[in-house]
>>> print(open('entry-v8.tsv').read())   # TSV, C-alpha atoms (C1' of nucleotides)
chain	number	residue	atom	x	y	z
N	113	MET	CA	136.47	131.89	133.01
N	114	GLN	CA	135.26	128.31	133.16
N	115	ASP	CA	136.36	125.26	131.22
N	116	PHE	CA	136.06	125.73	127.48
N	117	THR	CA	134.98	122.15	126.87
N	118	HIS	CA	131.89	122.84	129.01
N	119	SER	CA	131.03	126.23	127.59
N	120	MET	CA	127.50	126.83	126.35
N	121	SER	CA	128.31	126.24	122.70
N	122	MET	CA	130.31	123.09	123.36
N	123	MET	CA	127.53	121.72	125.55
N	124	LEU	CA	125.06	122.34	122.73
N	125	TYR	CA	127.25	120.36	120.35
N	126	ARG	CA	127.73	117.68	122.98
N	127	ALA	CA	123.96	117.38	123.41
N	128	LEU	CA	123.51	116.98	119.66
N	129	ASN	CA	126.17	114.27	119.66
N	130	GLY	CA	124.21	112.50	122.37
N	131	VAL	CA	120.89	112.78	120.59
N	132	MET	CA	121.36	112.55	116.82
N	133	PRO	CA	123.28	109.30	116.21
N	134	ARG	CA	120.26	107.14	117.07
N	135	PHE	CA	118.12	109.04	114.59
N	136	ARG	CA	120.74	109.03	111.85
N	137	ALA	CA	121.01	105.27	112.25
N	138	ILE	CA	117.31	105.01	111.43
N	139	PHE	CA	117.46	107.43	108.53
N	140	SER	CA	120.38	105.65	106.92
N	141	GLU	CA	118.47	102.38	106.92
N	142	PHE	CA	116.03	104.04	104.56
N	143	GLY	CA	118.66	105.73	102.45
N	144	VAL	CA	118.04	109.31	103.56
N	145	THR	CA	120.38	111.71	105.33
N	146	GLU	CA	119.43	113.76	108.35
N	147	THR	CA	119.09	116.89	106.24
N	148	GLN	CA	116.97	115.14	103.62
N	149	TRP	CA	114.81	113.84	106.45
N	150	ARG	CA	114.17	117.36	107.66
N	151	VAL	CA	112.91	118.36	104.23
N	152	LEU	CA	110.69	115.31	103.88
N	153	ARG	CA	109.34	115.73	107.41
N	154	ILE	CA	108.02	119.15	106.43
N	155	LEU	CA	106.67	118.03	103.06
N	156	TRP	CA	104.61	115.35	104.78
N	157	GLU	CA	102.69	118.10	106.57
N	158	ARG	CA	102.65	120.59	103.72
N	159	LYS	CA	102.04	118.90	100.38
N	160	ARG	CA	103.48	121.92	98.60
N	161	ILE	CA	105.78	124.61	99.98
N	162	GLY	CA	107.88	127.43	98.63
N	163	PHE	CA	111.66	127.02	98.50
N	164	ARG	CA	112.26	129.92	100.83
N	165	GLU	CA	109.80	128.88	103.53
N	166	LEU	CA	111.10	125.33	103.33
N	167	GLY	CA	114.56	126.63	104.10
N	168	GLU	CA	113.32	128.60	107.09
N	169	LEU	CA	111.35	125.74	108.61
N	170	SER	CA	114.07	123.15	108.05
N	171	LEU	CA	116.86	125.49	109.18
N	172	ILE	CA	118.76	124.65	106.00
N	173	PRO	CA	120.50	127.64	104.42
N	174	ALA	CA	119.45	128.35	100.83
N	175	PRO	CA	122.73	127.38	99.15
N	176	SER	CA	122.68	124.01	100.92
N	177	LEU	CA	119.02	123.48	100.21
N	178	VAL	CA	119.63	123.70	96.48
N	179	GLY	CA	121.86	120.62	96.61
N	180	VAL	CA	119.60	118.81	99.04
N	181	ILE	CA	116.63	119.25	96.70
N	182	ASP	CA	118.80	118.25	93.73
N	183	ARG	CA	119.62	114.92	95.36
N	184	LEU	CA	116.05	114.33	96.55
N	185	CYS	CA	114.90	114.92	92.96
N	186	ARG	CA	117.59	112.58	91.68
N	187	ASP	CA	116.29	109.90	94.05
N	188	GLY	CA	112.71	110.51	92.94
N	189	LEU	CA	111.43	111.64	96.33
N	190	VAL	CA	110.51	115.27	95.56
N	191	GLU	CA	109.88	117.53	92.57
N	192	ARG	CA	110.51	121.16	91.71
N	193	GLU	CA	107.73	123.26	90.19
N	194	ARG	CA	108.21	126.87	89.20
N	195	SER	CA	105.56	129.26	90.44
N	196	THR	CA	103.28	130.81	87.82
N	197	GLN	CA	102.59	133.97	89.83
N	198	ASP	CA	106.23	134.86	90.39
N	199	ARG	CA	108.55	133.05	88.06
N	200	ARG	CA	111.50	133.57	90.38
N	201	GLN	CA	109.92	131.31	92.98
N	202	VAL	CA	110.10	127.53	93.07
N	203	ASP	CA	107.72	125.23	94.92
N	204	ILE	CA	108.80	121.86	96.26
N	205	LEU	CA	106.46	118.88	96.55
N	206	ALA	CA	106.86	115.23	97.45
N	207	THR	CA	106.38	112.49	94.88
N	208	ALA	CA	104.35	109.38	95.61
N	209	ALA	CA	107.56	107.62	96.62
N	210	GLY	CA	108.44	110.52	98.87
N	211	GLN	CA	105.07	110.40	100.56
N	212	ALA	CA	105.25	106.63	100.95
N	213	LEU	CA	108.41	106.96	103.03
N	214	GLU	CA	106.48	108.53	105.89
N	215	ALA	CA	104.67	105.35	106.84
N	216	GLN	CA	107.92	103.39	106.69
N	217	VAL	CA	110.19	105.67	108.70
N	218	MET	CA	107.93	107.42	111.19
N	219	PRO	CA	107.26	104.42	113.48
N	220	ALA	CA	110.92	103.86	114.26
N	221	VAL	CA	111.56	107.58	114.60
N	222	SER	CA	108.57	108.19	116.87
N	223	ASN	CA	109.69	105.28	118.96
N	224	ALA	CA	113.21	106.63	119.27
N	225	TYR	CA	111.89	110.06	120.13
N	226	ALA	CA	109.61	108.69	122.83
N	227	GLU	CA	112.55	106.75	124.23
N	228	LEU	CA	114.58	109.93	124.23
N	229	SER	CA	111.94	112.02	125.96
N	230	GLY	CA	111.50	109.26	128.53
N	231	ALA	CA	115.15	109.55	129.48
N	232	LEU	CA	114.47	113.00	130.94
N	233	ASP	CA	111.96	113.77	133.65
N	234	LYS	CA	109.21	116.26	132.78
N	235	GLN	CA	110.83	119.05	134.75
N	236	THR	CA	114.23	118.72	133.13
N	237	HIS	CA	112.68	118.43	129.69
N	238	ALA	CA	110.52	121.52	130.16
N	239	HIS	CA	113.38	123.61	131.55
N	240	LEU	CA	115.65	122.46	128.74
N	241	MET	CA	113.19	123.44	126.02
N	242	ALA	CA	112.60	126.81	127.69
N	243	GLY	CA	116.32	127.49	127.79
N	244	LEU	CA	116.84	126.47	124.18
N	245	SER	CA	113.95	128.67	123.18
N	246	ALA	CA	115.53	131.62	124.97
N	247	LEU	CA	118.81	131.09	123.13
N	248	ALA	CA	117.04	130.75	119.80
N	249	ASN	CA	115.31	134.07	120.28
N	250	LEU	CA	118.45	136.05	121.09
N	251	ALA	CA	118.78	139.06	118.85
N	252	HIS	CA	121.69	138.75	116.47
N	253	ALA	CA	123.00	142.08	117.62
N	254	PRO	CA	126.20	143.02	115.76
N	255	HIS	CA	128.90	143.17	118.40
N	256	GLN	CA	131.58	145.80	119.01
N	257	SER	CA	134.69	144.76	117.15
N	258	ALA	CA	138.19	144.85	118.59
N	259	ALA	CA	139.91	144.04	115.30
N	260	PRO	CA	142.48	146.48	113.91
N	261	ASN	CA	141.12	146.64	110.35
N	262	PRO	CA	137.62	145.23	110.13
N	263	PRO	CA	137.39	143.64	106.66
N	264	ARG	CA	133.73	144.51	106.18
N	265	THR	CA	132.25	144.81	102.74
N	266	LEU	CA	130.46	147.94	101.65
N	267	THR	CA	127.29	146.15	100.64
N	268	GLY	CA	125.77	147.15	103.95
N	269	SER	CA	123.18	144.82	105.44
N	270	GLN	CA	123.68	141.16	106.25
G	161	MET	CA	102.94	114.16	118.29
G	162	GLN	CA	104.02	117.76	118.57
G	163	ASP	CA	105.31	120.15	115.94
G	164	PHE	CA	108.42	118.92	114.20
G	165	THR	CA	109.95	122.37	113.95
G	166	HIS	CA	109.96	122.52	117.74
G	167	SER	CA	111.23	119.01	118.39
G	168	MET	CA	114.23	118.57	120.65
G	169	SER	CA	116.76	118.25	117.85
G	170	MET	CA	115.40	121.23	115.92
G	171	MET	CA	115.44	123.34	119.07
G	172	LEU	CA	119.07	122.40	119.62
G	173	TYR	CA	119.92	123.56	116.11
G	174	ARG	CA	117.82	126.68	116.61
G	175	ALA	CA	119.71	127.49	119.80
G	176	LEU	CA	123.04	127.12	118.00
G	177	ASN	CA	121.77	129.43	115.27
G	178	GLY	CA	120.95	131.95	117.97
G	179	VAL	CA	124.30	131.69	119.70
G	180	MET	CA	127.06	131.03	117.18
G	181	PRO	CA	126.81	133.83	114.59
G	182	ARG	CA	128.11	136.44	117.02
G	183	PHE	CA	131.17	134.31	117.77
G	184	ARG	CA	131.81	133.41	114.14
G	185	ALA	CA	131.76	137.12	113.34
G	186	ILE	CA	134.63	137.60	115.78
G	187	PHE	CA	136.61	134.60	114.58
G	188	SER	CA	136.37	135.64	110.95
G	189	GLU	CA	137.87	139.01	111.76
G	190	PHE	CA	141.02	137.15	112.77
G	191	GLY	CA	140.94	134.76	109.84
G	192	VAL	CA	140.01	131.62	111.73
G	193	THR	CA	136.94	129.44	111.40
G	194	GLU	CA	134.84	128.22	114.29
G	195	THR	CA	136.38	124.76	114.06
G	196	GLN	CA	139.92	126.11	113.91
G	197	TRP	CA	139.08	128.23	116.94
G	198	ARG	CA	138.10	125.15	118.93
G	199	VAL	CA	141.48	123.57	118.22
G	200	LEU	CA	143.40	126.71	119.13
G	201	ARG	CA	141.33	127.23	122.28
G	202	ILE	CA	142.49	123.85	123.53
G	203	LEU	CA	146.12	124.33	122.48
G	204	TRP	CA	146.26	127.53	124.51
G	205	GLU	CA	145.64	125.48	127.65
G	206	ARG	CA	147.68	122.45	126.65
G	207	LYS	CA	150.90	123.42	124.91
G	208	ARG	CA	151.11	119.94	123.42
G	209	ILE	CA	148.35	117.38	122.95
G	210	GLY	CA	147.86	114.10	121.10
G	211	PHE	CA	145.81	114.07	117.94
G	212	ARG	CA	143.25	111.71	119.40
G	213	GLU	CA	142.64	113.59	122.64
G	214	LEU	CA	142.45	116.82	120.70
G	215	GLY	CA	139.66	115.34	118.64
G	216	GLU	CA	137.77	114.24	121.75
G	217	LEU	CA	138.04	117.57	123.53
G	218	SER	CA	137.18	119.65	120.48
G	219	LEU	CA	134.37	117.30	119.38
G	220	ILE	CA	135.89	117.23	115.92
G	221	PRO	CA	135.79	113.80	114.28
G	222	ALA	CA	139.19	112.44	113.30
G	223	PRO	CA	138.72	112.63	109.52
G	224	SER	CA	137.70	116.28	109.79
G	225	LEU	CA	140.49	117.07	112.21
G	226	VAL	CA	143.09	115.94	109.69
G	227	GLY	CA	142.04	118.70	107.31
G	228	VAL	CA	141.62	121.26	110.07
G	229	ILE	CA	145.20	120.64	111.24
G	230	ASP	CA	146.41	120.70	107.62
G	231	ARG	CA	145.01	124.20	107.16
G	232	LEU	CA	146.23	125.43	110.54
G	233	CYS	CA	149.70	124.19	109.59
G	234	ARG	CA	149.40	125.88	106.19
G	235	ASP	CA	148.57	129.14	107.98
G	236	GLY	CA	151.51	128.70	110.35
G	237	LEU	CA	149.43	128.50	113.53
G	238	VAL	CA	150.18	124.93	114.62
G	239	GLU	CA	152.67	122.14	113.97
G	240	ARG	CA	152.60	118.37	113.80
G	241	GLU	CA	155.19	116.30	115.65
G	242	ARG	CA	155.28	112.53	115.51
G	243	SER	CA	155.58	110.77	118.86
G	244	THR	CA	158.80	108.91	119.57
G	245	GLN	CA	157.21	106.40	121.94
G	246	ASP	CA	154.53	105.24	119.52
G	247	ARG	CA	155.26	106.23	115.97
G	248	ARG	CA	151.60	105.94	115.00
G	249	GLN	CA	150.73	108.88	117.21
G	250	VAL	CA	150.99	112.54	116.28
G	251	ASP	CA	151.18	115.45	118.70
G	252	ILE	CA	149.87	118.89	117.85
G	253	LEU	CA	151.35	122.10	119.21
G	254	ALA	CA	150.80	125.79	118.60
G	255	THR	CA	153.46	127.94	116.94
G	256	ALA	CA	154.42	131.35	118.29
G	257	ALA	CA	151.92	132.90	115.88
G	258	GLY	CA	149.27	130.49	117.08
G	259	GLN	CA	149.92	131.37	120.70
G	260	ALA	CA	149.93	135.08	119.95
G	261	LEU	CA	146.37	134.86	118.64
G	262	GLU	CA	145.05	134.19	122.13
G	263	ALA	CA	145.70	137.69	123.42
G	264	GLN	CA	144.14	139.19	120.32
G	265	VAL	CA	140.93	137.16	120.11
G	266	MET	CA	140.06	136.28	123.70
G	267	PRO	CA	138.98	139.76	124.84
G	268	ALA	CA	136.25	140.06	122.23
G	269	VAL	CA	135.18	136.45	122.72
G	270	SER	CA	135.05	136.71	126.50
G	271	ASN	CA	133.07	139.86	126.13
G	272	ALA	CA	130.58	138.22	123.78
G	273	TYR	CA	130.27	135.24	126.07
G	274	ALA	CA	129.59	137.41	129.10
G	275	GLU	CA	126.97	139.27	127.11
G	276	LEU	CA	125.41	135.96	126.16
G	277	SER	CA	125.34	134.63	129.72
G	278	GLY	CA	123.85	137.88	130.87
G	279	ALA	CA	120.91	137.38	128.55
G	280	LEU	CA	119.75	134.44	130.66
G	281	ASP	CA	118.96	134.55	134.36
G	282	LYS	CA	120.99	132.26	136.62
G	283	GLN	CA	118.14	129.82	137.02
G	284	THR	CA	117.49	129.39	133.30
G	285	HIS	CA	121.19	129.10	132.58
G	286	ALA	CA	121.71	126.44	135.25
G	287	HIS	CA	118.69	124.40	134.17
G	288	LEU	CA	119.75	124.64	130.55
G	289	MET	CA	123.24	123.39	131.22
G	290	ALA	CA	121.88	120.55	133.35
G	291	GLY	CA	119.53	119.49	130.57
G	292	LEU	CA	122.25	119.64	127.94
G	293	SER	CA	124.50	117.61	130.19
G	294	ALA	CA	121.81	114.96	130.56
G	295	LEU	CA	121.41	114.70	126.78
G	296	ALA	CA	125.15	114.52	126.28
G	297	ASN	CA	125.41	111.59	128.65
G	298	LEU	CA	122.72	109.49	127.01
G	299	ALA	CA	123.99	106.05	126.16
G	300	HIS	CA	124.23	105.50	122.44
G	301	ALA	CA	122.13	102.37	122.75
G	302	PRO	CA	121.68	100.71	119.36
G	303	HIS	CA	117.94	100.82	118.72
G	304	GLN	CA	115.60	98.11	117.50
G	305	SER	CA	115.49	98.32	113.73
G	306	ALA	CA	112.28	98.14	111.70
G	307	ALA	CA	114.03	97.99	108.34
G	308	PRO	CA	113.49	94.94	106.10
G	309	ASN	CA	117.15	94.27	105.34
G	310	PRO	CA	119.40	96.13	107.77
G	311	PRO	CA	122.54	97.02	105.78
G	312	ARG	CA	124.82	96.69	108.77
G	313	THR	CA	128.48	95.86	108.35
G	314	LEU	CA	130.03	92.94	110.14
G	315	THR	CA	132.72	94.99	111.79
G	316	GLY	CA	130.69	95.01	114.99
G	317	SER	CA	131.56	97.66	117.52
G	318	GLN	CA	131.39	101.46	117.42
A	153	DA	C1'	159.84	84.63	115.82
A	154	DA	C1'	155.50	84.41	112.90
A	155	DC	C1'	150.75	85.32	112.59
A	156	DT	C1'	146.81	87.72	113.81
A	157	DA	C1'	144.21	91.43	115.79
A	158	DT	C1'	143.95	96.12	117.18
A	159	DT	C1'	145.09	100.92	117.27
A	160	DT	C1'	146.27	105.42	114.96
A	161	DA	C1'	146.15	108.65	111.63
A	162	DT	C1'	144.99	109.17	107.16
A	163	DT	C1'	142.52	108.98	102.60
A	164	DA	C1'	138.36	108.60	99.71
A	165	DA	C1'	133.69	109.67	98.41
A	166	DC	C1'	129.88	111.97	99.23
A	167	DA	C1'	126.78	115.46	101.58
A	168	DT	C1'	126.34	119.79	103.90
A	169	DA	C1'	127.71	124.67	105.90
A	170	DT	C1'	129.40	129.37	105.03
A	171	DT	C1'	130.18	133.48	102.49
A	172	DA	C1'	130.14	135.99	98.40
A	173	DA	C1'	128.63	136.60	93.81
A	174	DT	C1'	125.50	135.99	89.76
A	175	DG	C1'	121.35	135.99	86.49
A	176	DA	C1'	116.62	136.32	86.04
A	177	DA	C1'	112.47	138.27	87.52
A	178	DT	C1'	109.84	141.56	89.92
A	179	DA	C1'	109.02	145.94	92.44
A	180	DA	C1'	109.94	150.94	93.09
A	181	DT	C1'	110.96	155.30	91.61
A	182	DC	C1'	111.44	158.69	88.60
S	49	DG	C1'	107.83	153.55	80.41
S	50	DA	C1'	112.82	153.35	81.25
S	51	DT	C1'	115.96	153.09	85.10
S	52	DT	C1'	117.16	151.51	89.42
S	53	DA	C1'	116.80	148.66	93.40
S	54	DT	C1'	115.37	144.45	95.45
S	55	DT	C1'	114.07	139.61	95.69
S	56	DC	C1'	114.80	134.80	94.56
S	57	DA	C1'	117.10	130.80	93.43
S	58	DT	C1'	121.31	129.39	92.03
S	59	DT	C1'	126.47	128.88	91.40
S	60	DA	C1'	131.25	129.15	93.08
S	61	DA	C1'	134.91	128.40	96.37
S	62	DT	C1'	136.38	126.81	100.52
S	63	DA	C1'	135.79	124.26	104.94
S	64	DT	C1'	133.66	120.68	107.56
S	65	DG	C1'	130.68	116.37	108.67
S	66	DT	C1'	129.84	111.29	107.88
S	67	DT	C1'	130.91	106.68	106.75
S	68	DA	C1'	133.91	103.32	105.07
S	69	DA	C1'	138.39	101.86	103.85
S	70	DT	C1'	143.52	101.85	104.12
S	71	DA	C1'	148.59	101.77	105.52
S	72	DA	C1'	151.65	101.74	109.16
S	73	DA	C1'	152.71	100.63	113.71
S	74	DT	C1'	151.95	98.23	117.85
S	75	DA	C1'	150.01	94.62	120.90
S	76	DG	C1'	148.53	89.73	121.63
S	77	DT	C1'	148.70	85.00	120.80
S	78	DT	C1'	150.49	80.86	119.50
>>> encode(input="entry-v8.tsv", output="structure tokens")
Amino acid sequence: MQDFTHSMSMMLYRALNGVMPRFRAIFSEFGVTETQWRVLRILWERKRIGFRELGELSLIPAPSLVGVIDRLCRDGLVERERSTQDRRQVDILATAAGQALEAQVMPAVSNAYAELSGALDKQTHAHLMAGLSALANLAHAPHQSAAPNPPRTLTGSQ
Amino acid sequence: MQDFTHSMSMMLYRALNGVMPRFRAIFSEFGVTETQWRVLRILWERKRIGFRELGELSLIPAPSLVGVIDRLCRDGLVERERSTQDRRQVDILATAAGQALEAQVMPAVSNAYAELSGALDKQTHAHLMAGLSALANLAHAPHQSAAPNPPRTLTGSQ
DNA sequence: AACTATTTATTAACATATTAATGAATAATC
DNA sequence: GATTATTCATTAATATGTTAATAAATAGTT
């Protein structure tokens, strides 16, 4: 087996460490975290979106998203609105202040992203995205356990 | 500009979401978290290692590593030992129980990793690793700010 | 030697991830 | 139409990430 520090998962983390700091530096100048940014980025394209779909698109798990929305509400950037059709559901929408942020933050971010893409030649970039896509689409097949007493719950699925 | 949900950073997160769950499922069966696993994985190759280097190899930031080591100590898997040369430094080493875990967990993990590698053809895998390596080696060049009043500290470096 | 600057691990404060559980609302089945 | 099962957002508990600050020890400088 090869070196652990260069295993697939570690290389993925290493890549994120190489990419994200420059973006977080921009976000922090405007008082938003990376996770909050992800939510806002989606709300700028979809004026109104359901809590669940927002979580799927932003890759933020539901329990985390609750707190993220809480803080964005606290800061006056988004609002909750309970659905009238199904009163379990909650829609999220950006306030005027939340919408205004787009014009302020996007230039710097687009610039940084262009700079990032420019650091890789077309070939490398294309191959990289293809590989990442392949990993993302791997089936989450439950593996064969080797544990003595698997502490599984009886609730069945997921 | 392209779709945000398929930007480089989101694809990196998506890839991790595709890869890590199967490993975390294994770790949890042995009562260790993914982060604790990374520490142990390194200690199995280096009987004794300095706190700082451990943080660099495991990609765990120092403040997080303090707590991770605390909990590994609590569970009797590792031990702290203050250096005699430089009494600021702390070495970390695995206990007998910590070392014993290797033989129990590695088979399942190696198996899962082989299964993962097998899901990608050699070409894709090689290109992917090359791309990730390129991203990891990007210089963390401080960007040009567009913020009105950059709230930077005066501590300079880092 | 005294003073200053740097390094090392740690703490503090806040935000997020992970897993399991809960309450309210809706859907399914009887 | 009452019971049961499922969905949805949320809470709870624990672990980790992020940024800034701190205390102790060492290194550098005068």
>>> interface_residues(input="entry-v8.tsv", of="chain A", to="chain N", cutoff="9 Å", atoms="all atoms listed in the file", output="list of chain:residue names")
A:DA167, A:DT168, A:DA169, A:DA176, A:DA177, A:DT178
>>> write_last_selection(input="entry-v8.tsv", atoms="C-alpha atoms (C1' of nucleotides)", output="PDB file, in the coordinates of the input")
ATOM      1  C1'  DA A 167     126.780 115.460 101.580  1.00  0.00           C
ATOM      2  C1'  DT A 168     126.340 119.790 103.900  1.00  0.00           C
ATOM      3  C1'  DA A 169     127.710 124.670 105.900  1.00  0.00           C
ATOM      4  C1'  DA A 176     116.620 136.320  86.040  1.00  0.00           C
ATOM      5  C1'  DA A 177     112.470 138.270  87.520  1.00  0.00           C
ATOM      6  C1'  DT A 178     109.840 141.560  89.920  1.00  0.00           C
TER       7       DT A 178
END
>>> interface_residues(input="entry-v8.tsv", of="chain S", to="chain G", cutoff="9 Å", atoms="all atoms listed in the file", output="ChimeraX atom specification")
/S:63-65,72-74
>>> interface_residues(input="entry-v8.tsv", of="chain N", to="chain G", cutoff="6 Å", atoms="only C-alpha atoms", output="number ranges by chain")
N: 126-127, 130, 236, 239-240, 243-244, 247-248, 250
>>> atom_distance(input="entry-v8.tsv", atom1="atom CA of Leu184 of chain N", atom2="atom C1' of DT171 of chain A")
24.5 Å
>>> atom_distance(input="entry-v8.tsv", atom1="atom C1' of DT55 of chain S", atom2="atom CA of Val151 of chain N")
22.9 Å
>>> atom_distance(input="entry-v8.tsv", atom1="atom CA of Ile252 of chain G", atom2="atom CA of Arg240 of chain G")
4.9 Å
>>> residues_around(input="entry-v8.tsv", residues="segment 163-166 of chain A", least_positions_apart="2", cutoff="9 Å", atoms="all atoms listed in the file", output="VMD selection string")
(chain G and resid 223) or (chain S and resid 66 68 to 70)
>>> write_last_selection(input="entry-v8.tsv", atoms="C-alpha atoms (C1' of nucleotides)", output="CSV table (one decimal), keeping the file's coordinate frame")
chain,number,residue,atom,x,y,z
G,223,PRO,CA,138.7,112.6,109.5
S,66,DT,C1',129.8,111.3,107.9
S,68,DA,C1',133.9,103.3,105.1
S,69,DA,C1',138.4,101.9,103.8
S,70,DT,C1',143.5,101.8,104.1
